[in-house]
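Okay, input.txt now, which holds compact mmCIF, C-alpha atoms:
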```txt
# COMPACT_ATOMS: atom_id res chain seq x y z
CA MET A 1280 69.42 53.38 45.35
CA THR A 1281 68.05 49.88 45.78
CA LEU A 1282 64.52 51.10 45.30
CA SER A 1283 65.37 53.11 42.19
CA ARG A 1284 67.19 50.12 40.71
CA ARG A 1285 64.11 47.98 41.28
CA VAL A 1286 61.94 50.62 39.62
CA LEU A 1287 64.36 50.75 36.67
CA LEU A 1288 64.39 46.95 36.36
CA ALA A 1289 60.58 46.78 36.43
CA ALA A 1290 60.34 49.55 33.84
CA LEU A 1291 62.81 47.84 31.52
CA LEU A 1292 61.18 44.45 31.89
CA SER A 1293 57.78 45.92 31.07
CA LEU A 1294 59.38 47.67 28.10
CA ALA A 1295 60.73 44.31 26.94
CA VAL A 1296 57.28 42.78 27.21
CA CYS A 1297 55.55 45.71 25.49
CA GLY A 1298 58.19 45.75 22.77
CA CYS A 1299 57.18 42.25 21.73
CA ALA A 1300 53.45 42.55 22.14
CA GLY A 1301 52.83 42.60 18.41
CA ASP A 1302 54.89 39.50 17.85
CA ASP A 1303 52.23 37.02 18.77
CA GLY A 1304 53.39 33.44 19.19
CA GLY A 1305 56.90 34.58 20.04
CA ALA A 1306 58.94 32.26 22.21
CA SER A 1307 59.30 33.23 25.81
CA ALA A 1308 62.51 32.43 27.67
CA GLY A 1309 63.28 28.73 27.42
CA GLU A 1310 60.58 28.04 24.84
CA PRO A 1311 62.17 26.81 21.61
CA LEU A 1312 59.29 27.56 19.22
CA SER A 1313 58.04 30.88 17.96
CA VAL A 1314 55.76 31.89 15.13
CA ARG A 1315 55.91 35.11 13.16
CA ASP A 1316 54.44 36.77 10.06
CA ALA A 1317 51.15 34.90 10.35
CA TRP A 1318 48.38 36.09 8.04
CA ILE A 1319 45.33 34.84 6.20
CA ARG A 1320 44.43 35.89 2.69
CA GLU A 1321 40.86 37.18 2.61
CA PRO A 1322 39.15 34.56 0.45
CA PRO A 1323 36.62 35.30 -2.29
CA PRO A 1324 33.08 34.16 -1.44
CA CYS A 1325 32.67 30.36 -1.19
CA SER A 1326 36.38 29.71 -1.67
CA PRO A 1327 38.81 28.22 0.85
CA ALA A 1328 41.27 30.49 2.65
CA ALA A 1329 45.02 30.05 2.73
CA ALA A 1330 47.04 30.89 5.84
CA TYR A 1331 50.73 31.66 5.94
CA LEU A 1332 53.29 31.92 8.75
CA THR A 1333 56.88 31.22 9.71
CA ILE A 1334 57.76 28.79 12.48
CA VAL A 1335 61.12 29.25 14.16
CA ASN A 1336 62.67 26.38 16.10
CA ARG A 1337 65.46 27.54 18.39
CA GLY A 1338 65.76 24.13 19.98
CA ALA A 1339 68.29 21.51 18.91
CA SER A 1340 65.74 18.84 17.97
CA PRO A 1341 63.47 18.94 14.94
CA ILE A 1342 59.79 19.37 15.65
CA GLU A 1343 56.77 18.49 13.53
CA LEU A 1344 53.74 20.65 12.88
CA VAL A 1345 50.96 18.06 12.76
CA ALA A 1346 47.69 19.98 12.87
CA VAL A 1347 46.13 23.42 12.84
CA GLU A 1348 42.75 24.37 14.22
CA THR A 1349 40.66 27.48 13.96
CA ALA A 1350 37.08 28.28 14.88
CA ILE A 1351 36.33 29.70 11.43
CA ALA A 1352 36.95 26.47 9.47
CA GLU A 1353 35.52 23.00 9.79
CA ARG A 1354 38.70 21.49 8.43
CA THR A 1355 42.30 22.56 7.97
CA GLU A 1356 45.01 20.90 5.96
CA ILE A 1357 48.68 21.39 5.24
CA HIS A 1358 49.36 21.55 1.51
CA VAL A 1359 52.67 21.25 -0.26
CA MET A 1360 53.03 22.99 -3.62
CA GLU A 1361 55.67 21.89 -6.05
CA GLN A 1362 56.75 23.36 -9.37
CA ASN A 1363 56.18 20.81 -12.05
CA ASN A 1364 56.61 21.37 -15.80
CA GLY A 1365 55.38 24.97 -15.80
CA GLY A 1366 52.59 24.25 -13.35
CA MET A 1367 51.96 23.72 -9.71
CA THR A 1368 51.19 20.38 -8.17
CA MET A 1369 49.54 20.51 -4.78
CA ARG A 1370 49.36 17.62 -2.37
CA ARG A 1371 48.19 17.22 1.16
CA THR A 1372 50.76 16.36 3.79
CA GLU A 1373 50.31 15.15 7.34
CA SER A 1374 53.10 17.20 8.86
CA VAL A 1375 55.83 19.75 8.31
CA SER A 1376 59.20 19.29 9.98
CA ILE A 1377 60.98 22.31 11.39
CA PRO A 1378 64.67 21.44 11.77
CA GLY A 1379 66.56 22.15 14.95
CA HIS A 1380 67.98 25.68 14.97
CA GLY A 1381 65.98 26.32 11.80
CA GLU A 1382 62.77 27.78 10.50
CA VAL A 1383 60.14 26.95 7.94
CA SER A 1384 58.02 29.50 6.11
CA LEU A 1385 54.56 28.46 5.02
CA ARG A 1386 54.03 30.91 2.17
CA SER A 1387 52.12 31.65 -0.99
CA GLY A 1388 53.35 29.44 -3.82
CA GLY A 1389 54.90 26.99 -1.35
CA THR A 1390 53.76 24.85 1.53
CA HIS A 1391 50.81 26.59 3.19
CA LEU A 1392 47.82 26.03 5.43
CA MET A 1393 44.39 25.58 3.96
CA LEU A 1394 41.24 26.52 5.84
CA LEU A 1395 38.35 24.55 4.33
CA ASN A 1396 34.59 24.51 4.72
CA LEU A 1397 34.66 27.98 6.24
CA ARG A 1398 31.97 28.66 8.81
CA ARG A 1399 32.18 32.29 7.80
CA GLN A 1400 34.29 34.38 5.44
CA PRO A 1401 37.17 36.04 7.29
CA LEU A 1402 37.36 39.70 6.33
CA ASP A 1403 40.24 42.09 5.73
CA GLY A 1404 41.20 43.78 8.99
CA GLU A 1405 40.03 41.13 11.43
CA VAL A 1406 42.31 38.85 13.42
CA VAL A 1407 41.74 35.09 13.48
CA ASP A 1408 43.10 32.71 16.14
CA LEU A 1409 44.97 29.67 14.90
CA VAL A 1410 46.09 26.84 17.17
CA LEU A 1411 49.16 25.00 15.90
CA ARG A 1412 49.68 21.49 17.27
CA PHE A 1413 53.10 19.89 17.25
CA GLY A 1414 54.27 16.29 17.32
CA ASP A 1415 55.59 16.54 20.87
CA GLY A 1416 52.14 17.42 22.17
CA THR A 1417 52.75 21.13 22.55
CA GLU A 1418 50.51 23.70 20.95
CA LYS A 1419 50.87 27.32 20.07
CA ARG A 1420 48.14 29.91 19.72
CA VAL A 1421 48.77 32.46 16.98
CA GLU A 1422 46.85 35.55 15.97
CA ALA A 1423 46.67 35.84 12.19
CA PRO A 1424 45.48 39.13 10.70
CA VAL A 1425 43.32 38.82 7.61
CA ARG A 1426 44.24 40.92 4.62
CA LYS A 1427 43.61 41.11 0.90
CA GLY A 1428 46.40 40.14 -1.38
CA MET B 1031 75.57 53.89 39.59
CA ARG B 1032 77.96 51.53 37.79
CA ARG B 1033 75.77 48.61 38.80
CA THR B 1034 72.73 50.47 37.56
CA GLY B 1035 74.47 51.04 34.26
CA PHE B 1036 75.33 47.36 34.00
CA LEU B 1037 71.72 46.50 34.74
CA LEU B 1038 70.55 48.90 32.06
CA ALA B 1039 72.94 47.43 29.49
CA THR B 1040 71.88 43.87 30.37
CA CYS B 1041 68.20 44.67 30.05
CA ALA B 1042 68.80 46.49 26.78
CA CYS B 1043 70.56 43.39 25.44
CA LEU B 1044 67.65 41.24 26.56
CA LEU B 1045 65.28 43.57 24.77
CA VAL B 1046 67.29 43.32 21.56
CA LEU B 1047 67.68 39.55 21.84
CA SER B 1048 64.04 38.96 22.54
CA CYS B 1049 62.73 41.20 19.78
CA GLY B 1050 65.50 41.29 17.18
CA ALA B 1051 65.29 37.78 15.82
CA PRO B 1052 61.96 38.01 13.96
CA ASP B 1053 63.40 40.51 11.50
CA VAL B 1054 66.28 38.28 10.43
CA GLY B 1055 66.10 37.49 6.73
CA GLN B 1056 63.93 40.46 5.81
CA GLN B 1057 66.76 42.67 4.60
CA ASP B 1058 67.20 41.19 1.13
CA ALA B 1059 63.76 42.35 0.05
CA GLU B 1060 64.91 45.93 0.43
CA ASP B 1061 67.74 45.60 -2.09
CA GLU B 1062 66.56 47.94 -4.83
CA THR B 1063 69.05 47.17 -7.59
CA PRO B 1064 67.15 47.86 -10.84
CA THR B 1065 66.82 44.82 -13.05
CA PRO B 1066 66.64 45.13 -16.85
CA VAL B 1067 63.19 44.65 -18.35
CA PRO B 1068 63.07 41.43 -20.39
CA PRO B 1069 62.11 42.05 -24.03
CA LEU B 1070 58.90 40.81 -25.60
CA GLU B 1071 59.20 37.41 -27.26
CA SER B 1072 57.61 35.49 -30.10
CA TYR B 1073 56.44 31.94 -29.54
CA SER B 1074 55.74 29.48 -32.30
CA GLY B 1075 53.25 26.75 -31.66
CA ILE B 1076 51.31 28.21 -28.77
CA GLY B 1077 48.32 30.52 -28.62
CA GLY B 1078 45.64 31.42 -31.09
CA ASP B 1079 41.98 32.28 -31.19
CA PHE B 1080 39.32 30.27 -29.39
CA ALA B 1081 35.61 30.47 -28.64
CA LEU B 1082 34.24 30.12 -25.09
CA VAL B 1083 31.45 31.64 -22.98
CA ASP B 1084 31.97 34.49 -20.49
CA GLN B 1085 30.57 35.00 -16.98
CA HIS B 1086 27.56 36.85 -18.41
CA GLY B 1087 26.65 33.94 -20.65
CA ASP B 1088 27.85 35.69 -23.80
CA GLY B 1089 30.06 34.12 -26.41
CA PHE B 1090 33.67 35.27 -26.45
CA THR B 1091 36.53 34.90 -28.89
CA LEU B 1092 40.02 36.27 -28.41
CA MET B 1093 39.65 38.14 -31.68
CA SER B 1094 36.61 39.92 -30.27
CA LEU B 1095 39.02 42.00 -28.16
CA ARG B 1096 39.64 43.84 -31.45
CA GLY B 1097 43.10 45.21 -30.98
CA ARG B 1098 43.21 45.23 -27.20
CA PRO B 1099 46.21 43.57 -25.53
CA ALA B 1100 45.39 40.94 -22.92
CA VAL B 1101 46.77 39.00 -20.04
CA LEU B 1102 45.42 35.45 -19.95
CA PHE B 1103 45.72 32.61 -17.45
CA PHE B 1104 44.05 29.36 -16.44
CA GLY B 1105 42.66 28.68 -12.99
CA TYR B 1106 39.55 27.79 -10.98
CA SER B 1107 37.49 29.47 -8.33
CA TYR B 1108 38.12 26.90 -5.57
CA CYS B 1109 41.87 27.52 -5.96
CA PRO B 1110 43.16 28.63 -2.57
CA ASP B 1111 46.52 30.18 -3.34
CA ILE B 1112 47.76 30.62 -6.91
CA CYS B 1113 44.61 31.97 -8.58
CA PRO B 1114 43.72 34.64 -6.00
CA THR B 1115 47.38 35.64 -5.99
CA THR B 1116 47.40 36.01 -9.77
CA LEU B 1117 44.12 37.96 -9.82
CA SER B 1118 45.30 40.30 -7.07
CA ARG B 1119 48.59 40.75 -8.88
CA MET B 1120 46.76 41.74 -12.05
CA ASN B 1121 44.93 44.40 -10.05
CA GLN B 1122 48.33 45.66 -8.93
CA VAL B 1123 49.60 45.67 -12.53
CA HIS B 1124 46.60 47.80 -13.52
CA GLU B 1125 47.26 50.16 -10.61
CA ILE B 1126 50.91 50.56 -11.65
CA LEU B 1127 50.08 51.19 -15.30
CA GLY B 1128 47.06 53.39 -14.63
CA THR B 1129 45.44 54.90 -17.70
CA GLU B 1130 48.20 53.45 -19.90
CA ALA B 1131 46.53 50.08 -19.43
CA ALA B 1132 42.94 51.16 -19.90
CA ASP B 1133 42.67 48.77 -22.85
CA LEU B 1134 44.49 45.85 -21.23
CA ALA B 1135 42.08 42.95 -20.78
CA THR B 1136 42.49 40.33 -18.06
CA VAL B 1137 41.17 36.93 -19.14
CA PHE B 1138 40.63 34.07 -16.67
CA ILE B 1139 39.79 30.66 -18.16
CA THR B 1140 38.47 28.08 -15.73
CA VAL B 1141 39.84 24.55 -15.88
CA ASP B 1142 36.99 23.43 -13.62
CA PRO B 1143 33.80 24.13 -15.61
CA GLU B 1144 31.95 21.51 -13.57
CA ARG B 1145 31.94 23.77 -10.49
CA ASP B 1146 32.62 27.08 -12.19
CA THR B 1147 29.21 27.74 -13.64
CA ILE B 1148 28.46 31.08 -15.28
CA ASP B 1149 26.98 32.38 -12.00
CA ARG B 1150 29.88 31.10 -9.93
CA LEU B 1151 32.40 32.75 -12.26
CA ALA B 1152 30.47 36.02 -12.03
CA GLU B 1153 30.46 35.86 -8.21
CA TYR B 1154 34.12 34.89 -7.96
CA LEU B 1155 35.49 37.44 -10.41
CA GLY B 1156 33.17 40.14 -9.10
CA TYR B 1157 35.06 39.87 -5.82
CA PHE B 1158 38.28 40.96 -7.53
CA GLY B 1159 36.71 43.78 -9.51
CA GLY B 1160 38.69 45.24 -12.38
CA GLY B 1161 36.50 43.89 -15.15
CA VAL B 1162 38.15 40.47 -15.44
CA ILE B 1163 36.72 38.43 -18.31
CA GLY B 1164 35.92 34.95 -16.98
CA LEU B 1165 35.53 32.14 -19.48
CA ARG B 1166 34.21 28.59 -19.40
CA GLY B 1167 33.27 25.89 -21.84
CA THR B 1168 32.79 22.16 -21.97
CA ALA B 1169 35.63 20.03 -20.64
CA GLN B 1170 36.50 19.24 -24.25
CA GLU B 1171 36.63 22.92 -25.18
CA ILE B 1172 38.81 23.71 -22.17
CA ASP B 1173 41.13 20.80 -23.01
CA ASP B 1174 41.44 22.14 -26.52
CA VAL B 1175 42.23 25.73 -25.49
CA ILE B 1176 44.70 24.87 -22.73
CA GLY B 1177 46.38 22.39 -25.04
CA ARG B 1178 46.77 25.05 -27.68
CA TYR B 1179 48.43 27.31 -25.11
CA GLY B 1180 50.85 24.56 -24.09
CA GLY B 1181 49.30 24.20 -20.66
CA HIS B 1182 47.83 21.32 -18.71
CA TYR B 1183 45.64 20.57 -15.74
CA ALA B 1184 44.48 17.59 -13.71
CA LEU B 1185 41.45 17.31 -11.44
CA ARG B 1186 42.47 15.78 -8.10
CA LYS B 1187 39.25 14.11 -7.09
CA GLU B 1188 39.50 11.79 -4.12
CA ALA B 1189 37.11 9.11 -2.99
CA GLY B 1190 35.28 10.05 0.17
CA ARG B 1191 35.40 13.81 -0.14
CA SER B 1192 33.15 16.19 -1.96
CA ASP B 1193 35.63 18.96 -2.68
CA TYR B 1194 38.71 18.66 -4.83
CA PHE B 1195 41.63 20.70 -6.02
CA VAL B 1196 43.05 21.06 -9.50
CA ASP B 1197 46.69 21.02 -10.49
CA HIS B 1198 47.17 23.44 -13.33
CA SER B 1199 49.72 25.40 -15.35
CA THR B 1200 50.54 28.68 -13.69
CA SER B 1201 51.97 30.61 -16.62
CA THR B 1202 50.36 33.96 -17.34
CA TYR B 1203 50.32 34.83 -21.05
CA LEU B 1204 50.79 38.35 -22.32
CA ILE B 1205 48.95 38.62 -25.63
CA ASP B 1206 49.44 41.46 -28.07
CA GLN B 1207 46.89 43.45 -30.06
CA GLN B 1208 47.07 40.89 -32.87
CA GLY B 1209 46.30 37.96 -30.56
CA LYS B 1210 49.90 36.65 -30.45
CA VAL B 1211 51.54 35.44 -27.22
CA ARG B 1212 54.43 37.80 -26.51
CA PHE B 1213 55.55 36.84 -23.02
CA LEU B 1214 55.10 34.10 -20.44
CA PHE B 1215 55.09 35.29 -16.85
CA SER B 1216 55.79 32.81 -14.08
CA GLN B 1217 54.38 32.84 -10.57
CA SER B 1218 57.57 34.36 -9.23
CA ASP B 1219 57.23 37.46 -11.43
CA GLY B 1220 56.04 40.39 -9.35
CA PRO B 1221 53.60 43.10 -10.45
CA GLU B 1222 56.39 45.64 -11.16
CA LEU B 1223 58.10 43.32 -13.63
CA MET B 1224 54.78 42.35 -15.21
CA ALA B 1225 53.85 46.01 -15.60
CA ALA B 1226 57.24 46.86 -17.11
CA VAL B 1227 57.05 44.04 -19.67
CA THR B 1228 53.44 44.87 -20.50
CA ARG B 1229 54.30 48.56 -20.96
CA GLN B 1230 56.48 47.62 -23.96
CA LEU B 1231 53.37 46.33 -25.65
CA LEU B 1232 51.35 49.41 -24.82
CA SER B 1233 53.99 51.86 -26.05
CA PRO B 1234 56.11 50.24 -28.76
CA PRO B 1235 59.41 52.06 -29.29
```
In structure tokens, what does this structure look like?
Amino acid sequence: MTLSRRVLLAALLSLAVCGCAGDDGGASAGEPLSVRDAWIREPPPCSPAAAYLTIVNRGASPIELVAVETAIAERTEIHVMEQNNGGMTMRRTESVSIPGHGEVSLRSGGTHLMLLNLRRQPLDGEVVDLVLRFGDGTEKRVEAPVRKG
Amino acid sequence: MRRTGFLLATCACLLVLSCGAPDVGQQDAEDETPTPVPPLESYSGIGGDFALVDQHGDGFTLMSLRGRPAVLFFGYSYCPDICPTTLSRMNQVHEILGTEAADLATVFITVDPERDTIDRLAEYLGYFGGGVIGLRGTAQEIDDVIGRYGGHYALRKEAGRSDYFVDHSTSTYLIDQQGKVRFLFSQSDGPELMAAVTRQLLSPP
């Protein structure tokens, strides 16, 4: 019985791990931050690329996203878009705060990540690594699929 | 066996807890309550004919569409988010409408003629396919056209950096076969709604 229980436990734990394999950047036990729905819009030639994702903060304290890095871009920025008199105003910001027990979506038409001076054009179907750096010194590696849209 | 069952239930809960959270908040998108299609409108004071140059270097006037309806918007090729979204959405509108929209022209007017040369416009719009008509002119000509359409833009050049972004109006204008603006789409309007509104123009009751 003991042996079979151990086998069952191991099987279920591996199932739990496998079940989340596609959820890259997910928080493991005790880790307050997770990232989901990351993707990059395939950019037209010689245009910057926008990246989108949702950061979930399960901790009690707010945390700041302060930088993003990726091998495919020389520079990345966080841009805030605001509706203004029938148009969009975009401005660069140094950080995005994710409230405690909250989440922030970086999405099209809203605050989003900008990948500038691309070293190469990311193409539909590939997966690009992003490294998110936070104000408390932690960082999170996220896999962002590239798609048209 | 009871302990094994407890273990099973505990692990199952862990599985749900560890994987369930990412889907929270995704349910609303599946609410398929049909929304009424907004009627076509008439707008006084905005729109009208204009003369610019297309991405092949040929002169273009709105009247040269000769009875074709059009969807028109302002943007620029270095735009990272709004413009590619709008161009992709127009492709979706064409897919939804199919042959009904064979005559529907998509017109993209750059507010950044300094960087959007004829060749650059051809390269940029070629990426999206779908026969988009790309237009440019002098800054003065662009100011005149966007002003006539009630829009605005502002170049955000910064000292110390070579690239820049442009704040611009994001309305998309639906223009009828007589060259009159008949609807203003906003960025939050999806391709289904845009197709439904446009269909009224293609098949008047």
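As for CA of Arg1098 in chain B and CA of Ala1225 in chain B, they are spaced 15.8 Å apart.
For the pair CA of Val1406 in chain A and CA of Arg1337 in chain A, the interatomic distance is 26.2 Å.
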- Which is closest to chain B among A:Gly1388, A:Met1360, A:Glu1405, A:Arg1371, if we use all atoms listed in the file? A:Gly1388
- Item | Expected answer as a list in words: all residues with atoms within 8 Å of (51.5, 26.3, 3.1), all atoms listed in the file | Ala1329, Ala1330, Tyr1331, Ile1357, His1358, Val1359, Met1360, Ser1384, Leu1385, Arg1386, Ser1387, Gly1388, Gly1389, Thr1390, His1391, Leu1392 and Met1393 of chain A
- Option closest in space to chain A, from B:His1198, B:Arg1166, B:Arg1229, B:Arg1186 [counting all atoms listed in the file]: B:His1198
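The residue that comes closest to Gly1428 in chain A, out of A:Ile1319, A:Val1383, A:Leu1312, A:Leu1409 and on the basis of all atoms listed in the file, is A:Ile1319.
Nearest to Gln1362 in chain A of all the residues B:Asp1197, B:Thr1228, B:Arg1212, B:Tyr1073 is B:Asp1197, counting only C-alpha atoms.
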- Residues at most 9 Å from Thr1168 in chain B, counting only C-alpha atoms, excluding those fewer than 5 positions away in the same chain, as a PyMOL selection string? chain B and resi 1082+1143-1144+1173
Output file for the selection above: C-alpha atoms, as a CSV table (one decimal), keeping the file's coordinate frame:
```csv
chain,number,residue,atom,x,y,z
B,1082,LEU,CA,34.2,30.1,-25.1
B,1143,PRO,CA,33.8,24.1,-15.6
B,1144,GLU,CA,32.0,21.5,-13.6
B,1173,ASP,CA,41.1,20.8,-23.0
```
- Note on the structure: Judged by all atoms listed in the file, the minimum distance to chain A among B:Ile1172, B:Leu1070, B:Val1196, B:Ile1126 is found for B:Val1196
Taking every listed atom of range 1192-1207 of chain B and adding 5 Å to each side, what centre and edge lengths in Å (one decimal) does the axis-aligned box have, as AutoDock Vina command-line options?
```
--center_x 42.6 --center_y 29.8 --center_z -16.0 --size_x 28.8 --size_y 37.3 --size_z 38.1
```
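Atom to atom, CA of Phe1195 in chain B and CA of Glu1321 in chain A stand 18.6 Å apart.
Omitting Leu1127 in chain B and its sequence neighbours fewer than 6 positions away, and counting all atoms listed in the file, the residues within 12 Å are B:Met1120, B:Asn1121, B:Asp1133, B:Leu1134, B:Pro1221, B:Glu1222, B:Leu1223, B:Met1224, B:Ala1225, B:Ala1226, B:Val1227, B:Thr1228, B:Arg1229, B:Gln1230, B:Leu1231, B:Leu1232, B:Ser1233.
Nearest to chain A of all the residues B:Pro1099, B:Pro1064, B:Gly1078, B:Gly1156 is B:Gly1156, counting only C-alpha atoms.
Close contacts of range 1345-1353 of chain A, defined as residues with an atom at most 8 Å away when counting all atoms listed in the file, with chain neighbours fewer than 6 positions off set aside, comprise Glu1373, Ser1374, Val1375, Leu1394, Leu1395, Asn1396, Leu1397, Arg1398, Arg1399, Gln1400, Pro1401, Val1407, Asp1408, Leu1409, Val1410, Leu1411, Arg1412, Phe1413 and Gly1414 of chain A.
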- Message: Counting only C-alpha atoms, which residues have an atom no more than 12 Å from (38.7, 38.5, -36.3) in the file's coordinates? Please list them as JSON, numbers by chain.
- Response: {"B": [1078, 1079, 1080, 1081, 1090, 1091, 1092, 1093, 1094, 1095, 1096, 1097, 1207, 1208, 1209]}
